[in-house]
Amino acid sequence: MEIAKAYDPKEAEEKNYQRWESLGFFAPEINGNPDAEAFSIVIPPPNVTGSLHMGHALQHTLMDVLTRWKRMQGYRTLWLPGTDHAGISVQRKVVEQLKKDEHKKPMDIGREEFVKRAWKWKELYGNTITEQMRREGASVDWTRQRFTMDESLSLAVRNVFCTLYDEGNIYRGLRIVNWCPKDKTVLSDLEVKEETSKDGKLTYLRYPVKDSDKTITVATTRPETMLGDTAVAVNGDDERYKDLVGKMVLLPLTNREIPIIADAYVDAEFGTGAVKITPAHDPNDYLVGERHNLEQRLVMNMDATMNAAAGTEFEGLDRFVAREKVVEEFEKLGLLEKVDDYEITLPVCERCKTIVEPILSEQWFVKMDELRDMGLELIKQENAPHFSPEVPHLKVYTAWLENLKDWTISRQLWWGHQIPAWYDADGNVFVGRTEEEAKEKAGGRELTQDSDVLDTWFSSGLWAFSTLGWNGDVTTTLDLETFLPTDVLVTGRDIMFLWVSRMMMLTKKFVGKTAFKDCVITGTVLGKDGKPMSKSRGNGVDPIEMFDKFGVDATRIYLASIATGADIRWNDIGVETYRNFANKIWNAARFCLMYSEASDLDWATATQEEKDKYREERGRLTLADRWIDSRAAKTAQALNRSLENYQFHEAVNLVFHFFRDDFCDWYIELRKDEIVAGNILASAHLFWVLDMALRMLHPFMPYLTEELWLKLPGSSDALHNPAYREADASIMLADFPVGNPKWFDDIAEKEMESVIELIKKVRNIRAEINISTAVKFTVHVAAHEYFQKVFAANEAQILKLAKAEKLVIGETLDVPRASAKAVTADASIAVPLEGLIDFDKERERLQNQIEKLDIELQRLNGQLSNENFVSKAPAEKVEELRDRQTEIEQQTKTLTSNLESLNV
RNA sequence: AGUCUCUUAGCUCAGUUGGUAGAGCAUUACCUUGACAAGGUAGGGGUCAGCAGUUCGAGUCUGCUAGAGACUACCA
């Protein structure tokens, strides 16, 4: 069979994914073994507004590698896909669209119509990322695709809410919250990020003390909030202010009198030692206010303009305009002490970067005490989830749980799960799964539903079990039984608290199980500049572009080659290396297929059992066959072990070097002559190894391996894992190599290494003396009897690969003076080169070899003459070094005598 | 401020019970050898950030220093 000269990724990608999906290969139902163990992963649901970025590509690759690997091993495998409704993001898209297309605001069309539009937006644009996942080759079960606002998932949300409410674990209350004036919604602490600004100012304001000519100076970064001050606090132990405590201050610009109070919260060392207290606009002040029973004076509207309580002069002004005006007014009154430059970190909205305003507001909260304890118990008692890598995530995760605060779950949006709470005319609250239920509780009174929706992460927190059918009304399903706990969660650090922790707690609480056993935390793929990829930096790399340029398989295996958890700078060259590798695989297979006809008869019709039997007949195998079998088996075993430990980069290294070094560079070259000559057994064995190599590569490079595997003579559903015997032939259902120890062959490896070393040394002589390959020379080898036989048995290969025309094997070397010489662990080598050799250079060459050995020998001698080492180090180690010492001494001796013979 | 991570070849990075420092790319020389020039062969290149300690032995363990980064908290 003749195939294209280079691998064309596009063709393989389009054809194969469609076939796999349409044949139902991704669904667990493809597994026909009723006793098969389950393996499951739920995808971290990407935002419906999202498009694929490199972080997804990395995580999806790892999840797919695991899924394909386990599927091939015969597990009943489920990788469940889906998307998240992404409250604020979608809301913003729809608002923008509305403004652009119709010049309308949400209020103009009303809630119902707005939500309708949002759904429409989702239908139109929400599957960008799922289509991109198909391109990635993600073997997710699309028949089980979920969306956080699906009917059943929404019911789960309401049920969870009601249960938590009934238990008192959800409450409504007036608290200082993080308010985003642009998105006009409250944010949880985790959705607030920090930005450092050097342009901050620290403003010192003087407040006149009543019935006194004294003033007390407070410092603030937000002067406009002074309009809401209801006290000035000092430390009770601060001698400077002791006499002022209990007195009143005349708050400028407001005509209000506020008390001077003493509170331990105030650090006498900082600033002026006196702090303005604004309970409605600062979390710390709020607490102080509670302790001292202070008025909570709200001076801002929810769009961050000042309200009526701020006074007529300020009402309607934006907070930053009001800030300037306050300072101006103080200056006019002569009460502005000074304004210092001050580096400040500001809380900003994670999404829109607007400065977040701490503001007093009535919101819904989840009390985290019980849930936190559940999370802590899981991690401490069961080590669930088990993090990879464990450092630093176990510690960070645990510490975060230990300091967990209540979770603000209401959001002032229209898109999302509307809070299942209703109010009567008096403001009494009734919580129920449905309006009817709430009404019943309210005794039939007219009710209106809370207009807020729940934090998006509330529904994602249920993802591990809501996607498997749990909705509170239905609490047991076959999928829940089979796939929960899921085996592993693969995600990034950024959502460890937002999502990972909450899913662990809520799954434990509502299903009584751990959500996932293991948790792989990937690193961050950084831009070429070493900074996280971002639109504003313009350093992003689009995975789709990489797919187009280098192919999906090359991109995947490159991503898998990054050490788990480590950040890495993006590097096109890395992908290019694996693109080249893909081409190498293609061409190695191309060579094999060129001679496939010869083996068809023997091979294509053989069953796996017959092939295994063939393998048993060791006598029919050459040294190279036994060697490659051993290498393949050891590679497979190590590969499985690496994947079990989520050491993807190790796994990639193993298959990469096995394929390129062992299989291409040595095995194919060693057997080439016989294959080309039409030796059926040689060809059959070649396919036998190629088939295994492709199966090991498949989880990383699904398209290429499928494309080739289906072309292999004899590849059929007979090679499937027994669980998939009924399905159409595909490498993705073929049995994953286990690395059977019965193929381990240390003798073959030792002998082959000896032959390889010999060939390399001869090549080295040719390269160093710079002898054209056109010159065919004779190679003399002296070795012990055992290796004489090994070399003799592999004479043809040695001659071919060393480009020699004659091999003389003996007990000792018998060569003319004009010979180039070298030693290996098992042999000494000489190549007579009359007329081609420069004696001075040859001396130098030998001298160099001796020197290299001498450096090592001296170190060994040093160690072995150290009594402490010999007595304290393990006996095996000492023995090992002694052997090496003997070997080097022997080699040095040979080289030295070679050198001397040059001088004769 | 607290916690943690990182610093290894020119570049990007591997390196788990402490035991002769590795890969890819780049680089040098040679090679149109019937799978592959997106290739082959043979090389060169490292005081493992610095200092001290533990140890027979430290890239690996401990402490300190310097640089880079992450997270958490606070910032009147």
# chains A, B, ... in the order shown; residues from 1 in each chain; ligands from 1
call {"tool": "residues_around", "arguments": {"residues": "region 505-509 of chain A", "least_positions_apart": "2", "cutoff": "8 Å", "atoms": "only C-alpha atoms (C1' of nucleotides)", "output": "list of chain:residue names"}}
result
A:Leu371, A:Arg372, A:Met374, A:Gly375, A:Gly461, A:Leu462, A:Ala464, A:Phe465, A:Ser501, A:Arg502, A:Met503, A:Val511, A:Gly512, A:Lys513, A:Thr514, A:Ala515
call {"tool": "write_last_selection", "arguments": {"atoms": "N, CA, C and O atoms", "output": "short mmCIF file (atom, residue, chain, number, x, y, z; two decimals), in the first residue's frame"}}
result
data_model
loop_
_atom_site.label_atom_id
_atom_site.label_comp_id
_atom_site.auth_asym_id
_atom_site.auth_seq_id
_atom_site.Cartn_x
_atom_site.Cartn_y
_atom_site.Cartn_z
N LEU A 371 -21.08 23.28 55.84
CA LEU A 371 -20.45 22.86 54.58
C LEU A 371 -18.93 22.86 54.70
O LEU A 371 -18.25 21.96 54.23
N ARG A 372 -18.42 23.89 55.35
CA ARG A 372 -16.97 23.98 55.54
C ARG A 372 -16.47 22.76 56.31
O ARG A 372 -15.47 22.15 55.95
N MET A 374 -17.76 19.86 56.45
CA MET A 374 -17.80 18.69 55.57
C MET A 374 -16.59 18.66 54.65
O MET A 374 -15.97 17.63 54.45
N GLY A 375 -16.29 19.82 54.09
CA GLY A 375 -15.14 19.91 53.19
C GLY A 375 -13.85 19.58 53.93
O GLY A 375 -12.99 18.86 53.41
N GLY A 461 -21.80 24.47 41.39
CA GLY A 461 -21.40 23.71 42.57
C GLY A 461 -22.11 22.37 42.68
O GLY A 461 -21.67 21.48 43.41
N LEU A 462 -23.19 22.24 41.93
CA LEU A 462 -23.95 20.98 41.95
C LEU A 462 -23.59 20.09 40.77
O LEU A 462 -24.14 18.98 40.61
N ALA A 464 -21.37 18.06 39.67
CA ALA A 464 -20.92 16.66 39.72
C ALA A 464 -22.10 15.70 39.82
O ALA A 464 -22.03 14.58 39.32
N PHE A 465 -23.19 16.15 40.44
CA PHE A 465 -24.31 15.22 40.58
C PHE A 465 -25.56 15.66 39.84
O PHE A 465 -26.37 14.82 39.42
N SER A 501 -13.90 23.55 45.53
CA SER A 501 -14.24 23.37 46.94
C SER A 501 -15.74 23.26 47.13
O SER A 501 -16.24 22.43 47.90
N ARG A 502 -16.49 24.12 46.42
CA ARG A 502 -17.94 24.13 46.61
C ARG A 502 -18.57 22.86 46.10
O ARG A 502 -19.55 22.35 46.66
N MET A 503 -18.02 22.31 45.01
CA MET A 503 -18.57 21.07 44.47
C MET A 503 -18.30 19.91 45.46
O MET A 503 -19.15 19.05 45.65
N VAL A 511 -25.51 14.37 48.30
CA VAL A 511 -25.51 12.98 47.84
C VAL A 511 -24.74 12.08 48.81
O VAL A 511 -24.81 10.86 48.72
N GLY A 512 -24.01 12.71 49.70
CA GLY A 512 -23.28 11.92 50.68
C GLY A 512 -22.02 11.29 50.13
O GLY A 512 -21.43 10.41 50.75
N LYS A 513 -21.61 11.74 48.94
CA LYS A 513 -20.40 11.15 48.34
C LYS A 513 -19.38 12.24 48.07
O LYS A 513 -19.69 13.42 48.05
N THR A 514 -18.16 11.81 47.84
CA THR A 514 -17.15 12.75 47.40
C THR A 514 -17.37 12.99 45.90
O THR A 514 -17.75 12.08 45.17
N ALA A 515 -17.21 14.23 45.47
CA ALA A 515 -17.52 14.58 44.08
C ALA A 515 -16.54 13.93 43.12
O ALA A 515 -16.89 13.43 42.08
#
call {"tool": "residues_around", "arguments": {"residues": "G69 (chain B)", "least_positions_apart": "3", "cutoff": "12 Å", "atoms": "only C-alpha atoms (C1' of nucleotides)", "output": "list of chain:residue names"}}
result
A:Gly530, A:Lys531, A:Pro532, A:Asp567, B:C4, B:U5, B:C6, B:U7
call {"tool": "residues_around", "arguments": {"residues": "Thr892 (chain A)", "least_positions_apart": "4", "cutoff": "6 Å", "atoms": "only C-alpha atoms (C1' of nucleotides)", "output": "PyMOL selection string"}}
result
chain A and resi 850+888+896
call {"tool": "write_last_selection", "arguments": {"atoms": "N, CA, C and O atoms", "output": "PDB file, in the first residue's frame"}}
result
ATOM      1  N   ILE A 850      40.891   8.537  26.627  1.00  0.00           N
ATOM      2  CA  ILE A 850      41.496   8.138  27.901  1.00  0.00           C
ATOM      3  C   ILE A 850      41.221   9.183  28.974  1.00  0.00           C
ATOM      4  O   ILE A 850      40.878   8.870  30.111  1.00  0.00           O
ATOM      5  N   ILE A 888      36.336   0.549  33.641  1.00  0.00           N
ATOM      6  CA  ILE A 888      37.103   1.695  33.138  1.00  0.00           C
ATOM      7  C   ILE A 888      38.585   1.359  33.083  1.00  0.00           C
ATOM      8  O   ILE A 888      39.267   1.689  32.119  1.00  0.00           O
ATOM      9  N   THR A 896      45.282   2.612  26.200  1.00  0.00           N
ATOM     10  CA  THR A 896      46.679   2.986  26.380  1.00  0.00           C
ATOM     11  C   THR A 896      47.593   2.125  25.508  1.00  0.00           C
ATOM     12  O   THR A 896      48.528   2.625  24.888  1.00  0.00           O
TER      13      THR A 896
END
call {"tool": "interface_residues", "arguments": {"of": "chain B", "to": "chain A", "cutoff": "12 Å", "atoms": "only C-alpha atoms (C1' of nucleotides)", "output": "CSV table (one decimal) with N, CA, C and O atoms (P, O5', C5', C4', C3', O3' and C1' of nucleotides), in the first residue's frame"}}
result
chain,number,residue,atom,x,y,z
B,3,U,P,5.0,33.0,57.2
B,3,U,O5',4.3,32.1,56.1
B,3,U,C5',3.2,31.2,56.5
B,3,U,C4',2.5,30.7,55.3
B,3,U,C3',3.5,30.0,54.3
B,3,U,O3',3.8,28.7,54.7
B,3,U,C1',2.0,31.5,53.2
B,4,C,P,5.3,28.2,54.3
B,4,C,O5',5.2,28.0,52.7
B,4,C,C5',4.3,27.0,52.1
B,4,C,C4',4.1,27.3,50.7
B,4,C,C3',5.3,27.2,49.8
B,4,C,O3',5.7,25.9,49.5
B,4,C,C1',4.1,29.1,49.1
B,5,U,P,7.2,25.5,49.1
B,5,U,O5',7.2,25.9,47.6
B,5,U,C5',6.4,25.3,46.6
B,5,U,C4',6.4,26.0,45.3
B,5,U,C3',7.8,26.1,44.7
B,5,U,O3',8.2,24.9,44.1
B,5,U,C1',6.7,28.2,44.5
B,6,C,P,9.8,24.6,44.0
B,6,C,O5',10.2,25.6,42.9
B,6,C,C5',9.8,25.5,41.5
B,6,C,C4',10.2,26.7,40.8
B,6,C,C3',11.7,27.0,40.6
B,6,C,O3',12.2,26.2,39.6
B,6,C,C1',10.6,29.0,41.2
B,11,C,P,19.8,31.5,28.0
B,11,C,O5',18.6,31.1,27.1
B,11,C,C5',17.9,32.1,26.3
B,11,C,C4',16.8,31.5,25.5
B,11,C,C3',15.8,30.7,26.4
B,11,C,O3',14.8,31.6,26.8
B,11,C,C1',16.5,29.3,24.6
B,12,U,P,14.0,31.3,28.2
B,12,U,O5',13.2,30.0,27.7
B,12,U,C5',12.0,30.1,27.0
B,12,U,C4',11.3,28.7,26.8
B,12,U,C3',11.1,28.0,28.2
B,12,U,O3',9.9,28.5,28.8
B,12,U,C1',12.0,26.5,26.6
B,13,C,P,9.7,28.2,30.4
B,13,C,O5',9.6,26.6,30.4
B,13,C,C5',10.1,25.9,31.5
B,13,C,C4',10.3,24.5,31.0
B,13,C,C3',10.5,23.5,32.1
B,13,C,O3',9.3,23.1,32.7
B,13,C,C1',12.0,23.1,30.3
B,14,A,P,9.3,22.4,34.1
B,14,A,O5',9.6,20.9,33.7
B,14,A,C5',10.6,20.2,34.2
B,14,A,C4',10.6,18.8,33.6
B,14,A,C3',11.1,17.7,34.6
B,14,A,O3',10.0,17.2,35.3
B,14,A,C1',12.5,17.7,32.7
B,15,G,P,10.1,17.2,36.9
B,15,G,O5',11.4,16.4,37.3
B,15,G,C5',11.5,15.1,37.0
B,15,G,C4',12.9,14.6,37.2
B,15,G,C3',13.5,14.9,38.5
B,15,G,O3',13.1,13.9,39.5
B,15,G,C1',15.0,15.6,36.9
B,18,G,P,15.9,10.8,49.3
B,18,G,O5',16.8,10.7,48.0
B,18,G,C5',17.0,11.6,47.1
B,18,G,C4',18.5,11.9,46.9
B,18,G,C3',19.3,10.8,46.4
B,18,G,O3',20.1,11.2,45.3
B,18,G,C1',20.3,11.8,48.3
B,19,G,P,20.2,10.3,44.0
B,19,G,O5',21.7,9.8,44.1
B,19,G,C5',22.8,10.7,43.8
B,19,G,C4',24.0,9.8,43.4
B,19,G,C3',23.7,8.7,42.5
B,19,G,O3',24.9,8.5,41.7
B,19,G,C1',24.6,7.9,44.5
B,20,U,P,24.7,8.7,40.1
B,20,U,O5',25.6,9.9,39.9
B,20,U,C5',26.9,10.0,40.4
B,20,U,C4',27.8,10.3,39.2
B,20,U,C3',27.1,11.0,38.1
B,20,U,O3',27.8,12.2,37.7
B,20,U,C1',28.3,9.2,37.3
B,22,G,P,23.7,12.5,32.0
B,22,G,O5',22.4,12.4,31.0
B,22,G,C5',22.1,13.6,30.2
B,22,G,C4',20.6,13.6,30.1
B,22,G,C3',20.1,14.3,28.9
B,22,G,O3',20.1,13.5,27.7
B,22,G,C1',18.9,15.0,30.8
B,23,A,P,20.2,14.3,26.3
B,23,A,O5',18.7,14.7,26.1
B,23,A,C5',17.6,13.7,26.1
B,23,A,C4',16.3,14.3,25.9
B,23,A,C3',16.2,15.3,24.7
B,23,A,O3',16.0,14.6,23.5
B,23,A,C1',15.3,16.3,26.6
B,24,G,P,16.5,15.2,22.1
B,24,G,O5',15.5,16.4,21.9
B,24,G,C5',14.1,16.1,21.5
B,24,G,C4',13.4,17.4,21.5
B,24,G,C3',14.0,18.5,20.6
B,24,G,O3',13.7,18.3,19.2
B,24,G,C1',13.5,19.5,22.7
B,25,C,P,14.7,18.6,18.1
B,25,C,O5',14.8,20.2,18.2
B,25,C,C5',13.7,21.0,17.8
B,25,C,C4',14.0,22.5,18.2
B,25,C,C3',15.2,23.1,17.6
B,25,C,O3',15.1,23.6,16.3
B,25,C,C1',15.1,23.6,20.0
B,26,A,P,16.3,23.5,15.3
B,26,A,O5',17.3,24.6,16.0
B,26,A,C5',17.0,26.0,15.9
B,26,A,C4',18.1,26.7,16.7
B,26,A,C3',19.5,26.5,16.2
B,26,A,O3',19.8,27.3,15.1
B,26,A,C1',19.4,26.2,18.6
B,29,A,P,30.1,23.9,10.2
B,29,A,O5',30.6,22.3,10.1
B,29,A,C5',32.0,22.0,10.3
B,29,A,C4',32.1,20.5,10.3
B,29,A,C3',31.5,19.8,9.1
B,29,A,O3',32.3,19.8,7.9
B,29,A,C1',30.9,18.7,11.1
B,30,C,P,31.5,19.8,6.5
B,30,C,O5',31.0,18.3,6.4
B,30,C,C5',31.9,17.3,6.3
B,30,C,C4',31.2,16.0,6.5
B,30,C,C3',30.1,15.7,5.5
B,30,C,O3',30.6,15.2,4.2
B,30,C,C1',29.4,15.1,7.7
B,31,C,P,29.7,15.5,2.9
B,31,C,O5',28.5,14.6,3.1
B,31,C,C5',28.6,13.2,3.1
B,31,C,C4',27.3,12.5,3.4
B,31,C,C3',26.2,12.8,2.4
B,31,C,O3',26.3,12.0,1.2
B,31,C,C1',25.4,12.8,4.6
B,33,U,P,20.7,9.7,-0.7
B,33,U,O5',21.2,8.2,-1.2
B,33,U,C5',22.3,7.6,-0.8
B,33,U,C4',22.1,6.4,0.1
B,33,U,C3',20.6,6.1,0.5
B,33,U,O3',20.0,5.2,-0.4
B,33,U,C1',22.1,6.0,2.3
B,34,G,P,18.6,5.4,-1.2
B,34,G,O5',17.6,4.6,-0.1
B,34,G,C5',16.8,5.4,0.7
B,34,G,C4',15.3,5.0,0.3
B,34,G,C3',14.9,3.7,1.0
B,34,G,O3',13.5,3.8,1.2
B,34,G,C1',14.7,3.6,-1.4
B,35,A,P,13.0,3.0,2.5
B,35,A,O5',12.0,4.2,2.9
B,35,A,C5',10.7,4.3,2.2
B,35,A,C4',9.9,5.3,3.0
B,35,A,C3',10.6,6.6,3.3
B,35,A,O3',10.4,7.5,2.2
B,35,A,C1',9.8,5.8,5.3
B,36,C,P,11.6,8.6,1.8
B,36,C,O5',11.4,9.7,3.0
B,36,C,C5',10.2,10.4,3.1
B,36,C,C4',10.1,11.1,4.4
B,36,C,C3',11.3,12.0,4.8
B,36,C,O3',11.0,13.3,4.2
B,36,C,C1',10.8,10.6,6.6
B,37,A,P,12.1,14.0,3.3
B,37,A,O5',12.5,15.4,3.9
B,37,A,C5',12.5,15.7,5.3
B,37,A,C4',13.4,16.9,5.5
B,37,A,C3',13.3,18.0,4.4
B,37,A,O3',13.2,19.2,5.0
B,37,A,C1',15.5,17.3,4.7
B,38,A,P,11.9,20.0,5.2
B,38,A,O5',11.3,19.5,6.7
B,38,A,C5',11.8,20.2,7.9
B,38,A,C4',11.3,19.3,9.0
B,38,A,C3',11.5,17.9,8.7
B,38,A,O3',12.5,17.2,9.5
B,38,A,C1',9.2,18.3,8.9
B,39,G,P,12.7,16.9,10.8
B,39,G,O5',13.3,15.4,10.8
B,39,G,C5',12.6,14.4,10.2
B,39,G,C4',13.5,13.5,9.3
B,39,G,C3',14.8,13.1,9.9
B,39,G,O3',14.7,12.1,10.9
B,39,G,C1',15.2,13.7,7.6
B,40,G,P,15.7,12.1,12.1
B,40,G,O5',17.0,11.4,11.4
B,40,G,C5',16.9,10.1,10.9
B,40,G,C4',18.2,9.7,10.3
B,40,G,C3',19.4,9.8,11.2
B,40,G,O3',19.5,8.7,12.0
B,40,G,C1',19.9,10.8,9.1
B,41,U,P,20.2,8.9,13.4
B,41,U,O5',21.7,9.0,13.0
B,41,U,C5',22.4,7.9,12.5
B,41,U,C4',23.8,8.3,12.2
B,41,U,C3',24.5,8.9,13.4
B,41,U,O3',25.0,7.9,14.3
B,41,U,C1',24.9,10.3,11.5
B,42,A,P,25.0,8.2,15.9
B,42,A,O5',26.3,9.2,16.0
B,42,A,C5',27.6,8.6,15.6
B,42,A,C4',28.6,9.8,15.6
B,42,A,C3',28.7,10.6,16.8
B,42,A,O3',29.5,10.0,17.8
B,42,A,C1',28.6,12.0,14.9
B,43,G,P,29.4,10.5,19.3
B,43,G,O5',30.2,11.8,19.2
B,43,G,C5',29.8,13.0,19.9
B,43,G,C4',30.5,14.2,19.4
B,43,G,C3',30.6,15.4,20.3
B,43,G,O3',31.7,15.2,21.2
B,43,G,C1',29.9,16.1,18.1
B,55,U,P,26.8,15.2,60.1
B,55,U,O5',26.7,14.3,58.8
B,55,U,C5',25.7,13.3,58.7
B,55,U,C4',25.7,12.7,57.4
B,55,U,C3',27.0,12.2,56.8
B,55,U,O3',27.4,10.9,57.3
B,55,U,C1',25.9,13.5,55.2
B,56,C,P,28.9,10.6,57.7
B,56,C,O5',29.6,10.6,56.3
B,56,C,C5',31.1,10.6,56.3
B,56,C,C4',31.5,10.3,54.9
B,56,C,C3',30.9,11.1,53.8
B,56,C,O3',31.5,12.3,53.7
B,56,C,C1',30.8,8.8,53.2
B,57,G,P,30.6,13.6,53.5
B,57,G,O5',29.9,13.4,52.1
B,57,G,C5',30.7,13.5,50.9
B,57,G,C4',29.9,13.0,49.7
B,57,G,C3',28.6,13.8,49.5
B,57,G,O3',28.9,15.0,48.8
B,57,G,C1',28.2,11.5,49.3
B,68,A,P,13.0,41.1,41.1
B,68,A,O5',12.3,39.8,40.5
B,68,A,C5',12.4,39.6,39.1
B,68,A,C4',11.7,38.3,38.8
B,68,A,C3',10.3,38.2,39.1
B,68,A,O3',9.4,38.8,38.2
B,68,A,C1',11.4,36.2,39.8
B,69,G,P,8.1,39.5,38.7
B,69,G,O5',7.1,38.3,39.1
B,69,G,C5',6.6,37.5,38.1
B,69,G,C4',6.1,36.2,38.7
B,69,G,C3',4.9,36.3,39.6
B,69,G,O3',3.7,36.5,38.8
B,69,G,C1',6.4,34.8,40.5
B,70,A,P,2.4,37.1,39.5
B,70,A,O5',1.9,35.8,40.4
B,70,A,C5',1.4,34.6,39.7
B,70,A,C4',1.0,33.6,40.7
B,70,A,C3',-0.1,34.1,41.7
B,70,A,O3',-1.4,34.0,41.2
B,70,A,C1',1.7,33.0,42.9
B,71,C,P,-2.4,35.0,41.7
B,71,C,O5',-2.9,34.5,43.1
B,71,C,C5',-3.5,33.2,43.2
B,71,C,C4',-3.5,32.8,44.6
B,71,C,C3',-4.2,33.7,45.6
B,71,C,O3',-5.5,33.4,45.7
B,71,C,C1',-2.0,33.0,46.5
B,72,U,P,-6.5,34.6,46.1
B,72,U,O5',-6.3,34.7,47.7
B,72,U,C5',-6.7,33.7,48.5
B,72,U,C4',-6.3,33.9,49.9
B,72,U,C3',-6.7,35.3,50.5
B,72,U,O3',-8.0,35.3,50.9
B,72,U,C1',-4.4,34.9,51.0
B,73,A,P,-8.8,36.7,50.8
B,73,A,O5',-8.1,37.6,52.0
B,73,A,C5',-8.4,37.2,53.3
B,73,A,C4',-7.5,38.0,54.2
B,73,A,C3',-7.6,39.5,54.2
B,73,A,O3',-8.7,40.0,54.9
B,73,A,C1',-5.3,38.9,54.2
B,74,C,P,-9.4,41.3,54.4
B,74,C,O5',-8.4,42.5,54.8
B,74,C,C5',-8.2,42.7,56.2
B,74,C,C4',-7.0,43.6,56.4
B,74,C,C3',-7.1,45.0,55.7
B,74,C,O3',-7.9,45.9,56.5
B,74,C,C1',-5.0,44.1,55.2
B,75,C,P,-8.7,47.0,55.8
B,75,C,O5',-7.6,48.0,55.3
B,75,C,C5',-6.8,48.7,56.2
B,75,C,C4',-5.7,49.4,55.5
B,75,C,C3',-6.1,50.3,54.3
B,75,C,O3',-6.5,51.6,54.7
B,75,C,C1',-4.3,48.9,53.6
B,76,A,P,-7.6,52.2,53.9
B,76,A,O5',-7.7,53.6,54.6
B,76,A,C5',-9.0,54.3,54.6
B,76,A,C4',-9.0,55.1,55.8
B,76,A,C3',-7.7,55.9,56.1
B,76,A,O3',-7.7,57.1,55.4
B,76,A,C1',-8.4,54.8,58.1
call {"tool": "residues_around", "arguments": {"residues": "Asn293 (chain A)", "least_positions_apart": "2", "cutoff": "12 Å", "atoms": "only C-alpha atoms (C1' of nucleotides)", "output": "PyMOL selection string"}}
result
chain A and resi 230-231+259+261+277+279+285-291+295-296
call {"tool": "closest_residue", "arguments": {"among": "B:A1, B:A52, B:U60, B:A66", "to": "U16 (chain B)", "atoms": "only C-alpha atoms (C1' of nucleotides)"}}
result
B:U60
call {"tool": "atom_distance", "arguments": {"atom1": "CA of Met54 (chain A)", "atom2": "CA of Val525 (chain A)"}}
result
6.7 Å
